[in-house]
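For reference, protein-v2.cif (mmCIF, N, CA, C and O atoms):
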```cif
data_data
#
loop_
_atom_site.group_PDB
_atom_site.id
_atom_site.type_symbol
_atom_site.label_atom_id
_atom_site.label_comp_id
_atom_site.auth_asym_id
_atom_site.auth_seq_id
_atom_site.Cartn_x
_atom_site.Cartn_y
_atom_site.Cartn_z
ATOM 1 N N TRP A 1 -13.462 -14.662 -1.200
ATOM 2 C CA TRP A 1 -12.498 -13.665 -0.771
ATOM 3 C C TRP A 1 -12.285 -13.786 0.712
ATOM 4 O O TRP A 1 -13.169 -14.156 1.436
ATOM 5 N N GLY A 2 -11.118 -13.369 1.128
ATOM 6 C CA GLY A 2 -10.892 -13.376 2.560
ATOM 7 C C GLY A 2 -9.502 -12.915 2.903
ATOM 8 O O GLY A 2 -8.558 -13.150 2.159
ATOM 9 N N ALA A 3 -9.418 -12.288 4.036
ATOM 10 C CA ALA A 3 -8.134 -11.776 4.491
ATOM 11 C C ALA A 3 -7.153 -12.901 4.758
ATOM 12 O O ALA A 3 -5.952 -12.684 4.726
ATOM 13 N N ALA A 4 -7.640 -14.112 4.990
ATOM 14 C CA ALA A 4 -6.762 -15.232 5.305
ATOM 15 C C ALA A 4 -5.819 -15.557 4.151
ATOM 16 O O ALA A 4 -4.709 -16.017 4.364
ATOM 17 N N ALA A 5 -6.234 -15.323 2.926
ATOM 18 C CA ALA A 5 -5.413 -15.638 1.758
ATOM 19 C C ALA A 5 -4.336 -14.589 1.510
ATOM 20 O O ALA A 5 -3.417 -14.811 0.746
ATOM 21 N N MET A 6 -4.445 -13.451 2.171
ATOM 22 C CA MET A 6 -3.494 -12.363 1.957
ATOM 23 C C MET A 6 -2.390 -12.416 2.996
ATOM 24 O O MET A 6 -2.566 -12.951 4.079
ATOM 25 N N LYS A 7 -1.273 -11.826 2.650
ATOM 26 C CA LYS A 7 -0.202 -11.667 3.622
ATOM 27 C C LYS A 7 -0.583 -10.533 4.562
ATOM 28 O O LYS A 7 -1.247 -9.583 4.164
ATOM 29 N N ASN A 8 -0.155 -10.626 5.803
ATOM 30 C CA ASN A 8 -0.442 -9.574 6.772
ATOM 31 C C ASN A 8 0.075 -8.225 6.298
ATOM 32 O O ASN A 8 -0.525 -7.194 6.550
ATOM 33 N N ASP A 9 1.224 -8.233 5.609
ATOM 34 C CA ASP A 9 1.789 -6.975 5.124
ATOM 35 C C ASP A 9 0.840 -6.274 4.156
ATOM 36 O O ASP A 9 0.773 -5.056 4.129
ATOM 37 N N ASP A 10 0.115 -7.043 3.342
ATOM 38 C CA ASP A 10 -0.817 -6.435 2.396
ATOM 39 C C ASP A 10 -1.940 -5.714 3.123
ATOM 40 O O ASP A 10 -2.344 -4.621 2.749
ATOM 41 N N ILE A 11 -2.443 -6.322 4.172
ATOM 42 C CA ILE A 11 -3.545 -5.733 4.930
ATOM 43 C C ILE A 11 -3.078 -4.483 5.662
ATOM 44 O O ILE A 11 -3.806 -3.515 5.802
ATOM 45 N N ASN A 12 -1.840 -4.501 6.126
ATOM 46 C CA ASN A 12 -1.346 -3.416 6.963
ATOM 47 C C ASN A 12 -0.539 -2.368 6.212
ATOM 48 O O ASN A 12 -0.009 -1.452 6.830
ATOM 49 N N ASP A 13 -0.399 -2.510 4.894
ATOM 50 C CA ASP A 13 0.277 -1.473 4.109
ATOM 51 C C ASP A 13 -0.492 -0.165 4.268
ATOM 52 O O ASP A 13 -1.702 -0.161 4.445
ATOM 53 N N PHE A 14 0.233 0.945 4.162
ATOM 54 C CA PHE A 14 -0.417 2.244 4.258
ATOM 55 C C PHE A 14 -0.703 2.809 2.879
ATOM 56 O O PHE A 14 0.034 2.569 1.926
ATOM 57 N N ALA A 15 -1.782 3.555 2.767
ATOM 58 C CA ALA A 15 -2.193 4.110 1.485
ATOM 59 C C ALA A 15 -1.268 5.234 1.042
ATOM 60 O O ALA A 15 -0.933 5.323 -0.130
ATOM 61 N N PHE A 16 -0.860 6.081 1.967
ATOM 62 C CA PHE A 16 -0.038 7.248 1.620
ATOM 63 C C PHE A 16 1.115 7.424 2.602
ATOM 64 O O PHE A 16 1.181 8.420 3.309
ATOM 65 N N PRO A 17 2.029 6.459 2.651
ATOM 66 C CA PRO A 17 3.121 6.588 3.620
ATOM 67 C C PRO A 17 4.093 7.704 3.243
ATOM 68 O O PRO A 17 4.301 7.984 2.072
ATOM 69 N N VAL A 18 4.640 8.334 4.247
ATOM 70 C CA VAL A 18 5.666 9.358 4.043
ATOM 71 C C VAL A 18 6.832 8.958 4.938
ATOM 72 O O VAL A 18 6.774 9.139 6.157
ATOM 73 N N ALA A 19 7.856 8.384 4.360
ATOM 74 C CA ALA A 19 8.972 7.843 5.131
ATOM 75 C C ALA A 19 9.713 8.937 5.880
ATOM 76 O O ALA A 19 10.240 9.867 5.287
ATOM 77 N N GLY A 20 9.726 8.809 7.186
ATOM 78 C CA GLY A 20 10.512 9.675 8.033
ATOM 79 C C GLY A 20 10.104 11.131 8.095
ATOM 80 O O GLY A 20 10.794 11.939 8.682
ATOM 81 N N ALA A 21 8.990 11.494 7.511
ATOM 82 C CA ALA A 21 8.595 12.898 7.462
ATOM 83 C C ALA A 21 8.320 13.470 8.850
ATOM 84 O O ALA A 21 8.550 14.640 9.096
ATOM 85 N N LEU A 22 7.851 12.629 9.746
ATOM 86 C CA LEU A 22 7.496 13.117 11.076
ATOM 87 C C LEU A 22 8.428 12.582 12.156
ATOM 88 O O LEU A 22 8.117 12.637 13.328
ATOM 89 N N GLY A 23 9.579 12.063 11.759
ATOM 90 C CA GLY A 23 10.540 11.550 12.720
ATOM 91 C C GLY A 23 10.028 10.339 13.463
ATOM 92 O O GLY A 23 9.302 9.520 12.921
ATOM 93 N N ALA A 24 10.382 10.240 14.726
ATOM 94 C CA ALA A 24 10.037 9.071 15.527
ATOM 95 C C ALA A 24 8.534 8.930 15.725
ATOM 96 O O ALA A 24 8.030 7.833 15.904
ATOM 97 N N ASN A 25 7.811 10.024 15.682
ATOM 98 C CA ASN A 25 6.361 9.993 15.877
ATOM 99 C C ASN A 25 5.617 10.025 14.551
ATOM 100 O O ASN A 25 4.577 10.637 14.424
ATOM 101 N N GLN A 26 6.165 9.329 13.587
ATOM 102 C CA GLN A 26 5.604 9.315 12.236
ATOM 103 C C GLN A 26 4.179 8.765 12.231
ATOM 104 O O GLN A 26 3.873 7.809 12.914
ATOM 105 N N CYS A 27 3.328 9.380 11.442
ATOM 106 C CA CYS A 27 1.950 8.927 11.275
ATOM 107 C C CYS A 27 1.751 8.582 9.810
ATOM 108 O O CYS A 27 1.928 9.428 8.940
ATOM 109 N N ASN A 28 1.414 7.337 9.546
ATOM 110 C CA ASN A 28 1.286 6.887 8.167
ATOM 111 C C ASN A 28 -0.124 7.012 7.605
ATOM 112 O O ASN A 28 -0.349 6.735 6.458
ATOM 113 N N GLY A 29 -1.075 7.377 8.409
ATOM 114 C CA GLY A 29 -2.433 7.548 7.911
ATOM 115 C C GLY A 29 -3.189 6.232 7.801
ATOM 116 O O GLY A 29 -2.878 5.265 8.481
ATOM 117 N N MET A 30 -4.165 6.201 6.927
ATOM 118 C CA MET A 30 -5.018 5.024 6.807
ATOM 119 C C MET A 30 -4.305 3.882 6.092
ATOM 120 O O MET A 30 -3.388 4.100 5.308
ATOM 121 N N THR A 31 -4.776 2.683 6.373
ATOM 122 C CA THR A 31 -4.210 1.517 5.702
ATOM 123 C C THR A 31 -4.731 1.459 4.267
ATOM 124 O O THR A 31 -5.758 2.070 3.928
ATOM 125 N N LEU A 32 -4.033 0.695 3.467
ATOM 126 C CA LEU A 32 -4.459 0.508 2.084
ATOM 127 C C LEU A 32 -5.825 -0.177 2.047
ATOM 128 O O LEU A 32 -6.666 0.145 1.214
ATOM 129 N N ARG A 33 -6.070 -1.085 2.986
ATOM 130 C CA ARG A 33 -7.367 -1.759 3.069
ATOM 131 C C ARG A 33 -8.479 -0.739 3.320
ATOM 132 O O ARG A 33 -9.539 -0.784 2.696
ATOM 133 N N ASP A 34 -8.243 0.183 4.254
ATOM 134 C CA ASP A 34 -9.245 1.218 4.527
ATOM 135 C C ASP A 34 -9.452 2.120 3.315
ATOM 136 O O ASP A 34 -10.581 2.523 3.017
ATOM 137 N N TYR A 35 -8.373 2.431 2.627
ATOM 138 C CA TYR A 35 -8.473 3.284 1.435
ATOM 139 C C TYR A 35 -9.311 2.598 0.349
ATOM 140 O O TYR A 35 -10.201 3.213 -0.237
ATOM 141 N N PHE A 36 -9.026 1.313 0.107
ATOM 142 C CA PHE A 36 -9.810 0.569 -0.885
ATOM 143 C C PHE A 36 -11.275 0.481 -0.459
ATOM 144 O O PHE A 36 -12.181 0.621 -1.277
ATOM 145 N N ALA A 37 -11.514 0.233 0.831
ATOM 146 C CA ALA A 37 -12.892 0.140 1.322
ATOM 147 C C ALA A 37 -13.624 1.465 1.169
ATOM 148 O O ALA A 37 -14.808 1.493 0.828
ATOM 149 N N THR A 38 -12.920 2.564 1.401
ATOM 150 C CA THR A 38 -13.522 3.892 1.245
ATOM 151 C C THR A 38 -13.969 4.114 -0.191
ATOM 152 O O THR A 38 -15.083 4.592 -0.441
ATOM 153 N N ALA A 39 -13.109 3.740 -1.136
ATOM 154 C CA ALA A 39 -13.456 3.904 -2.552
ATOM 155 C C ALA A 39 -14.657 3.030 -2.916
ATOM 156 O O ALA A 39 -15.582 3.483 -3.603
ATOM 157 N N ALA A 40 -14.650 1.789 -2.449
ATOM 158 C CA ALA A 40 -15.767 0.882 -2.738
ATOM 159 C C ALA A 40 -17.050 1.389 -2.086
ATOM 160 O O ALA A 40 -18.123 1.357 -2.698
ATOM 161 N N MET A 41 -16.935 1.905 -0.857
ATOM 162 C CA MET A 41 -18.115 2.371 -0.144
ATOM 163 C C MET A 41 -18.775 3.548 -0.859
ATOM 164 O O MET A 41 -20.009 3.642 -0.897
ATOM 165 N N GLN A 42 -17.979 4.422 -1.430
ATOM 166 C CA GLN A 42 -18.546 5.561 -2.157
ATOM 167 C C GLN A 42 -19.435 5.075 -3.292
ATOM 168 O O GLN A 42 -20.552 5.581 -3.480
ATOM 169 N N ALA A 43 -18.968 4.091 -4.034
ATOM 170 C CA ALA A 43 -19.765 3.557 -5.145
ATOM 171 C C ALA A 43 -20.989 2.803 -4.626
ATOM 172 O O ALA A 43 -22.084 2.938 -5.178
ATOM 173 N N LEU A 44 -20.802 2.023 -3.569
ATOM 174 C CA LEU A 44 -21.927 1.271 -3.016
ATOM 175 C C LEU A 44 -23.015 2.194 -2.479
ATOM 176 O O LEU A 44 -24.204 1.935 -2.666
ATOM 177 N N ILE A 45 -22.604 3.274 -1.825
ATOM 178 C CA ILE A 45 -23.590 4.227 -1.303
ATOM 179 C C ILE A 45 -24.312 4.915 -2.454
ATOM 180 O O ILE A 45 -25.540 5.047 -2.442
ATOM 181 N N ALA A 46 -23.570 5.343 -3.447
ATOM 182 C CA ALA A 46 -24.186 6.030 -4.584
ATOM 183 C C ALA A 46 -25.205 5.125 -5.270
ATOM 184 O O ALA A 46 -26.314 5.557 -5.589
ATOM 185 N N LYS A 47 -24.841 3.876 -5.488
ATOM 186 C CA LYS A 47 -25.758 2.942 -6.144
ATOM 187 C C LYS A 47 -26.862 2.507 -5.188
ATOM 188 O O LYS A 47 -28.013 2.353 -5.579
ATOM 189 N N GLY A 48 -26.510 2.337 -3.912
ATOM 190 C CA GLY A 48 -27.468 1.857 -2.924
ATOM 191 C C GLY A 48 -28.580 2.825 -2.624
ATOM 192 O O GLY A 48 -29.631 2.442 -2.119
ATOM 193 N N MET A 49 -28.384 4.078 -2.918
ATOM 194 C CA MET A 49 -29.426 5.055 -2.645
ATOM 195 C C MET A 49 -30.637 4.848 -3.552
ATOM 196 O O MET A 49 -31.712 5.359 -3.276
ATOM 197 N N ASP A 50 -30.474 4.052 -4.606
ATOM 198 C CA ASP A 50 -31.610 3.690 -5.454
ATOM 199 C C ASP A 50 -32.582 2.760 -4.720
ATOM 200 O O ASP A 50 -33.731 2.661 -5.074
ATOM 201 N N ASN A 51 -32.058 2.070 -3.711
ATOM 202 C CA ASN A 51 -32.848 1.097 -2.968
ATOM 203 C C ASN A 51 -33.243 1.689 -1.614
ATOM 204 O O ASN A 51 -32.383 1.950 -0.784
ATOM 205 N N PRO A 52 -34.521 1.883 -1.357
ATOM 206 C CA PRO A 52 -34.948 2.491 -0.090
ATOM 207 C C PRO A 52 -34.522 1.690 1.138
ATOM 208 O O PRO A 52 -34.355 2.241 2.211
ATOM 209 N N ASN A 53 -34.299 0.373 0.994
ATOM 210 C CA ASN A 53 -33.871 -0.450 2.124
ATOM 211 C C ASN A 53 -32.453 -0.109 2.578
ATOM 212 O O ASN A 53 -32.071 -0.424 3.700
ATOM 213 N N ASN A 54 -31.657 0.491 1.722
ATOM 214 C CA ASN A 54 -30.283 0.846 2.066
ATOM 215 C C ASN A 54 -30.181 2.227 2.713
ATOM 216 O O ASN A 54 -29.112 2.629 3.121
ATOM 217 N N ARG A 55 -31.280 2.934 2.776
ATOM 218 C CA ARG A 55 -31.253 4.296 3.326
ATOM 219 C C ARG A 55 -31.705 4.326 4.777
ATOM 220 O O ARG A 55 -32.182 5.330 5.260
ATOM 221 N N ASN A 56 -31.549 3.212 5.469
ATOM 222 C CA ASN A 56 -31.932 3.187 6.877
ATOM 223 C C ASN A 56 -30.801 2.574 7.691
ATOM 224 O O ASN A 56 -29.784 2.153 7.150
ATOM 225 N N ALA A 57 -30.980 2.520 8.976
ATOM 226 C CA ALA A 57 -29.924 2.041 9.884
ATOM 227 C C ALA A 57 -29.538 0.590 9.611
ATOM 228 O O ALA A 57 -28.414 0.193 9.860
ATOM 229 N N LYS A 58 -30.446 -0.214 9.077
ATOM 230 C CA LYS A 58 -30.123 -1.614 8.785
ATOM 231 C C LYS A 58 -29.250 -1.747 7.538
ATOM 232 O O LYS A 58 -28.456 -2.663 7.430
ATOM 233 N N GLY A 59 -29.393 -0.839 6.593
ATOM 234 C CA GLY A 59 -28.625 -0.916 5.358
ATOM 235 C C GLY A 59 -27.183 -0.469 5.495
ATOM 236 O O GLY A 59 -26.307 -0.933 4.785
ATOM 237 N N VAL A 60 -26.922 0.423 6.420
ATOM 238 C CA VAL A 60 -25.580 0.991 6.581
ATOM 239 C C VAL A 60 -24.536 -0.077 6.914
ATOM 240 O O VAL A 60 -23.493 -0.146 6.252
ATOM 241 N N PRO A 61 -24.757 -0.944 7.915
ATOM 242 C CA PRO A 61 -23.739 -1.961 8.204
ATOM 243 C C PRO A 61 -23.510 -2.931 7.044
ATOM 244 O O PRO A 61 -22.400 -3.401 6.847
ATOM 245 N N ILE A 62 -24.535 -3.191 6.272
ATOM 246 C CA ILE A 62 -24.400 -4.084 5.121
ATOM 247 C C ILE A 62 -23.490 -3.449 4.073
ATOM 248 O O ILE A 62 -22.607 -4.105 3.521
ATOM 249 N N ILE A 63 -23.684 -2.174 3.816
ATOM 250 C CA ILE A 63 -22.837 -1.474 2.840
ATOM 251 C C ILE A 63 -21.396 -1.446 3.332
ATOM 252 O O ILE A 63 -20.462 -1.684 2.561
ATOM 253 N N ALA A 64 -21.183 -1.199 4.612
ATOM 254 C CA ALA A 64 -19.821 -1.194 5.167
ATOM 255 C C ALA A 64 -19.171 -2.564 5.034
ATOM 256 O O ALA A 64 -17.999 -2.681 4.664
ATOM 257 N N LYS A 65 -19.930 -3.626 5.302
ATOM 258 C CA LYS A 65 -19.419 -4.989 5.184
ATOM 259 C C LYS A 65 -19.011 -5.273 3.738
ATOM 260 O O LYS A 65 -17.923 -5.807 3.483
ATOM 261 N N PHE A 66 -19.867 -4.923 2.794
ATOM 262 C CA PHE A 66 -19.543 -5.139 1.383
ATOM 263 C C PHE A 66 -18.319 -4.334 0.964
ATOM 264 O O PHE A 66 -17.496 -4.815 0.185
ATOM 265 N N ALA A 67 -18.167 -3.130 1.470
ATOM 266 C CA ALA A 67 -17.013 -2.293 1.119
ATOM 267 C C ALA A 67 -15.715 -2.994 1.512
ATOM 268 O O ALA A 67 -14.750 -3.028 0.734
ATOM 269 N N TYR A 68 -15.684 -3.586 2.704
ATOM 270 C CA TYR A 68 -14.474 -4.290 3.131
ATOM 271 C C TYR A 68 -14.291 -5.611 2.383
ATOM 272 O O TYR A 68 -13.161 -6.048 2.173
ATOM 273 N N GLU A 69 -15.367 -6.232 1.957
ATOM 274 C CA GLU A 69 -15.229 -7.433 1.127
ATOM 275 C C GLU A 69 -14.582 -7.077 -0.215
ATOM 276 O O GLU A 69 -13.716 -7.803 -0.707
ATOM 277 N N TYR A 70 -14.990 -5.964 -0.800
ATOM 278 C CA TYR A 70 -14.349 -5.496 -2.032
ATOM 279 C C TYR A 70 -12.882 -5.160 -1.781
ATOM 280 O O TYR A 70 -12.001 -5.508 -2.571
ATOM 281 N N ALA A 71 -12.610 -4.482 -0.675
ATOM 282 C CA ALA A 71 -11.227 -4.121 -0.341
ATOM 283 C C ALA A 71 -10.370 -5.372 -0.174
ATOM 284 O O ALA A 71 -9.247 -5.433 -0.689
ATOM 285 N N ASP A 72 -10.887 -6.381 0.515
ATOM 286 C CA ASP A 72 -10.136 -7.619 0.707
ATOM 287 C C ASP A 72 -9.868 -8.320 -0.618
ATOM 288 O O ASP A 72 -8.781 -8.853 -0.845
ATOM 289 N N ALA A 73 -10.853 -8.299 -1.512
ATOM 290 C CA ALA A 73 -10.660 -8.901 -2.834
ATOM 291 C C ALA A 73 -9.585 -8.154 -3.619
ATOM 292 O O ALA A 73 -8.757 -8.772 -4.308
ATOM 293 N N MET A 74 -9.571 -6.845 -3.502
ATOM 294 C CA MET A 74 -8.551 -6.049 -4.198
ATOM 295 C C MET A 74 -7.161 -6.353 -3.634
ATOM 296 O O MET A 74 -6.193 -6.512 -4.391
ATOM 297 N N LEU A 75 -7.045 -6.470 -2.317
ATOM 298 C CA LEU A 75 -5.756 -6.791 -1.708
ATOM 299 C C LEU A 75 -5.298 -8.193 -2.071
ATOM 300 O O LEU A 75 -4.119 -8.430 -2.305
ATOM 301 N N GLU A 76 -6.244 -9.109 -2.123
ATOM 302 C CA GLU A 76 -5.913 -10.481 -2.506
ATOM 303 C C GLU A 76 -5.377 -10.520 -3.936
ATOM 304 O O GLU A 76 -4.371 -11.157 -4.216
ATOM 305 N N GLU A 77 -6.044 -9.841 -4.828
ATOM 306 C CA GLU A 77 -5.598 -9.781 -6.227
ATOM 307 C C GLU A 77 -4.235 -9.085 -6.324
ATOM 308 O O GLU A 77 -3.372 -9.499 -7.091
ATOM 309 N N ARG A 78 -4.052 -8.069 -5.550
ATOM 310 C CA ARG A 78 -2.798 -7.308 -5.553
ATOM 311 C C ARG A 78 -1.612 -8.148 -5.097
ATOM 312 O O ARG A 78 -0.483 -7.957 -5.543
ATOM 313 N N SER A 79 -1.856 -9.105 -4.195
ATOM 314 C CA SER A 79 -0.778 -9.908 -3.641
ATOM 315 C C SER A 79 -0.340 -11.057 -4.556
ATOM 316 O O SER A 79 0.613 -11.750 -4.251
ATOM 317 N N LYS A 80 -1.033 -11.251 -5.672
ATOM 318 C CA LYS A 80 -0.685 -12.357 -6.597
ATOM 319 C C LYS A 80 0.576 -12.019 -7.362
ATOM 320 O O LYS A 80 0.907 -10.948 -7.668
#
```
Using structure tokens, write down the structure from this file.
Amino acid sequence: WGAAAMKNDDINDFAFPVAGALGANQCNGMTLRDYFATAAMQALIAKGMDNPNNRNAKGVPIIAKFAYEYADAMLEERSK
């Protein structure tokens, strides 16, 4: 998996865009990549709590890294 295989538009798509709702200062919120990573992270944290090694400062960055790897795989599949 990797962001290189995806189009930039896929990575930068927004999860919940609202066209023109806020005029020129429109805020689109989180990217679709962040949204997918958030969903993956919830599952990884829930499952990871079974492992005492994931409940410390060293485990947190690993879970975050895996969450974005899942998100990138989802975006890659989505772009096919």
Edge lengths and centre in Å, axis-aligned, range 64-72 of chain A plus 5 Å each side, as lines of an AutoDock Vina configuration file:
```
center_x = -15.0
center_y = -5.0
center_z = 1.4
size_x = 22.4
size_y = 17.7
size_z = 17.9
```
Using only N, CA, C and O atoms, determine which residues lie at most 5 Å from Ala15 in chain A, disregarding the query and same-chain residues fewer than 5 positions distant; provide the list as number ranges by chain. A: 30-32
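Note that atom C of Ala40 in chain A and atom N of Asp13 in chain A are 18.5 Å apart.
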Evaluated on this file, the PyMOL selection byres (((chain A and resi 63 and name CA) around 10) and name CA) picks out some residues - which ones are they, written as a PDB file with N, CA, C and O atoms, in the coordinates of the input?
```
ATOM      1  N   ALA A  40     -14.650   1.789  -2.449  1.00  0.00           N
ATOM      2  CA  ALA A  40     -15.767   0.882  -2.738  1.00  0.00           C
ATOM      3  C   ALA A  40     -17.050   1.389  -2.086  1.00  0.00           C
ATOM      4  O   ALA A  40     -18.123   1.357  -2.698  1.00  0.00           O
ATOM      5  N   MET A  41     -16.935   1.905  -0.857  1.00  0.00           N
ATOM      6  CA  MET A  41     -18.115   2.371  -0.144  1.00  0.00           C
ATOM      7  C   MET A  41     -18.775   3.548  -0.859  1.00  0.00           C
ATOM      8  O   MET A  41     -20.009   3.642  -0.897  1.00  0.00           O
ATOM      9  N   GLN A  42     -17.979   4.422  -1.430  1.00  0.00           N
ATOM     10  CA  GLN A  42     -18.546   5.561  -2.157  1.00  0.00           C
ATOM     11  C   GLN A  42     -19.435   5.075  -3.292  1.00  0.00           C
ATOM     12  O   GLN A  42     -20.552   5.581  -3.480  1.00  0.00           O
ATOM     13  N   ALA A  43     -18.968   4.091  -4.034  1.00  0.00           N
ATOM     14  CA  ALA A  43     -19.765   3.557  -5.145  1.00  0.00           C
ATOM     15  C   ALA A  43     -20.989   2.803  -4.626  1.00  0.00           C
ATOM     16  O   ALA A  43     -22.084   2.938  -5.178  1.00  0.00           O
ATOM     17  N   LEU A  44     -20.802   2.023  -3.569  1.00  0.00           N
ATOM     18  CA  LEU A  44     -21.927   1.271  -3.016  1.00  0.00           C
ATOM     19  C   LEU A  44     -23.015   2.194  -2.479  1.00  0.00           C
ATOM     20  O   LEU A  44     -24.204   1.935  -2.666  1.00  0.00           O
ATOM     21  N   ILE A  45     -22.604   3.274  -1.825  1.00  0.00           N
ATOM     22  CA  ILE A  45     -23.590   4.227  -1.303  1.00  0.00           C
ATOM     23  C   ILE A  45     -24.312   4.915  -2.454  1.00  0.00           C
ATOM     24  O   ILE A  45     -25.540   5.047  -2.442  1.00  0.00           O
ATOM     25  N   GLY A  48     -26.510   2.337  -3.912  1.00  0.00           N
ATOM     26  CA  GLY A  48     -27.468   1.857  -2.924  1.00  0.00           C
ATOM     27  C   GLY A  48     -28.580   2.825  -2.624  1.00  0.00           C
ATOM     28  O   GLY A  48     -29.631   2.442  -2.119  1.00  0.00           O
ATOM     29  N   ASN A  54     -31.657   0.491   1.722  1.00  0.00           N
ATOM     30  CA  ASN A  54     -30.283   0.846   2.066  1.00  0.00           C
ATOM     31  C   ASN A  54     -30.181   2.227   2.713  1.00  0.00           C
ATOM     32  O   ASN A  54     -29.112   2.629   3.121  1.00  0.00           O
ATOM     33  N   LYS A  58     -30.446  -0.214   9.077  1.00  0.00           N
ATOM     34  CA  LYS A  58     -30.123  -1.614   8.785  1.00  0.00           C
ATOM     35  C   LYS A  58     -29.250  -1.747   7.538  1.00  0.00           C
ATOM     36  O   LYS A  58     -28.456  -2.663   7.430  1.00  0.00           O
ATOM     37  N   GLY A  59     -29.393  -0.839   6.593  1.00  0.00           N
ATOM     38  CA  GLY A  59     -28.625  -0.916   5.358  1.00  0.00           C
ATOM     39  C   GLY A  59     -27.183  -0.469   5.495  1.00  0.00           C
ATOM     40  O   GLY A  59     -26.307  -0.933   4.785  1.00  0.00           O
ATOM     41  N   VAL A  60     -26.922   0.423   6.420  1.00  0.00           N
ATOM     42  CA  VAL A  60     -25.580   0.991   6.581  1.00  0.00           C
ATOM     43  C   VAL A  60     -24.536  -0.077   6.914  1.00  0.00           C
ATOM     44  O   VAL A  60     -23.493  -0.146   6.252  1.00  0.00           O
ATOM     45  N   PRO A  61     -24.757  -0.944   7.915  1.00  0.00           N
ATOM     46  CA  PRO A  61     -23.739  -1.961   8.204  1.00  0.00           C
ATOM     47  C   PRO A  61     -23.510  -2.931   7.044  1.00  0.00           C
ATOM     48  O   PRO A  61     -22.400  -3.401   6.847  1.00  0.00           O
ATOM     49  N   ILE A  62     -24.535  -3.191   6.272  1.00  0.00           N
ATOM     50  CA  ILE A  62     -24.400  -4.084   5.121  1.00  0.00           C
ATOM     51  C   ILE A  62     -23.490  -3.449   4.073  1.00  0.00           C
ATOM     52  O   ILE A  62     -22.607  -4.105   3.521  1.00  0.00           O
ATOM     53  N   ALA A  64     -21.183  -1.199   4.612  1.00  0.00           N
ATOM     54  CA  ALA A  64     -19.821  -1.194   5.167  1.00  0.00           C
ATOM     55  C   ALA A  64     -19.171  -2.564   5.034  1.00  0.00           C
ATOM     56  O   ALA A  64     -17.999  -2.681   4.664  1.00  0.00           O
ATOM     57  N   LYS A  65     -19.930  -3.626   5.302  1.00  0.00           N
ATOM     58  CA  LYS A  65     -19.419  -4.989   5.184  1.00  0.00           C
ATOM     59  C   LYS A  65     -19.011  -5.273   3.738  1.00  0.00           C
ATOM     60  O   LYS A  65     -17.923  -5.807   3.483  1.00  0.00           O
ATOM     61  N   PHE A  66     -19.867  -4.923   2.794  1.00  0.00           N
ATOM     62  CA  PHE A  66     -19.543  -5.139   1.383  1.00  0.00           C
ATOM     63  C   PHE A  66     -18.319  -4.334   0.964  1.00  0.00           C
ATOM     64  O   PHE A  66     -17.496  -4.815   0.185  1.00  0.00           O
ATOM     65  N   ALA A  67     -18.167  -3.130   1.470  1.00  0.00           N
ATOM     66  CA  ALA A  67     -17.013  -2.293   1.119  1.00  0.00           C
ATOM     67  C   ALA A  67     -15.715  -2.994   1.512  1.00  0.00           C
ATOM     68  O   ALA A  67     -14.750  -3.028   0.734  1.00  0.00           O
ATOM     69  N   TYR A  68     -15.684  -3.586   2.704  1.00  0.00           N
ATOM     70  CA  TYR A  68     -14.474  -4.290   3.131  1.00  0.00           C
ATOM     71  C   TYR A  68     -14.291  -5.611   2.383  1.00  0.00           C
ATOM     72  O   TYR A  68     -13.161  -6.048   2.173  1.00  0.00           O
ATOM     73  N   GLU A  69     -15.367  -6.232   1.957  1.00  0.00           N
ATOM     74  CA  GLU A  69     -15.229  -7.433   1.127  1.00  0.00           C
ATOM     75  C   GLU A  69     -14.582  -7.077  -0.215  1.00  0.00           C
ATOM     76  O   GLU A  69     -13.716  -7.803  -0.707  1.00  0.00           O
TER      77      GLU A  69
END
```
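Going from atom N of Phe36 in chain A over to CA of Ala71 in chain A, you cover 5.9 Å.
Nearest residue to Phe14 in chain A, choosing from A:Asp72, A:Ala37, A:Gly29, A:Ala46 and counting only C-alpha atoms: A:Gly29.
Put simply, CA of Arg33 in chain A is 27.3 Å away from atom O of Pro52 in chain A.
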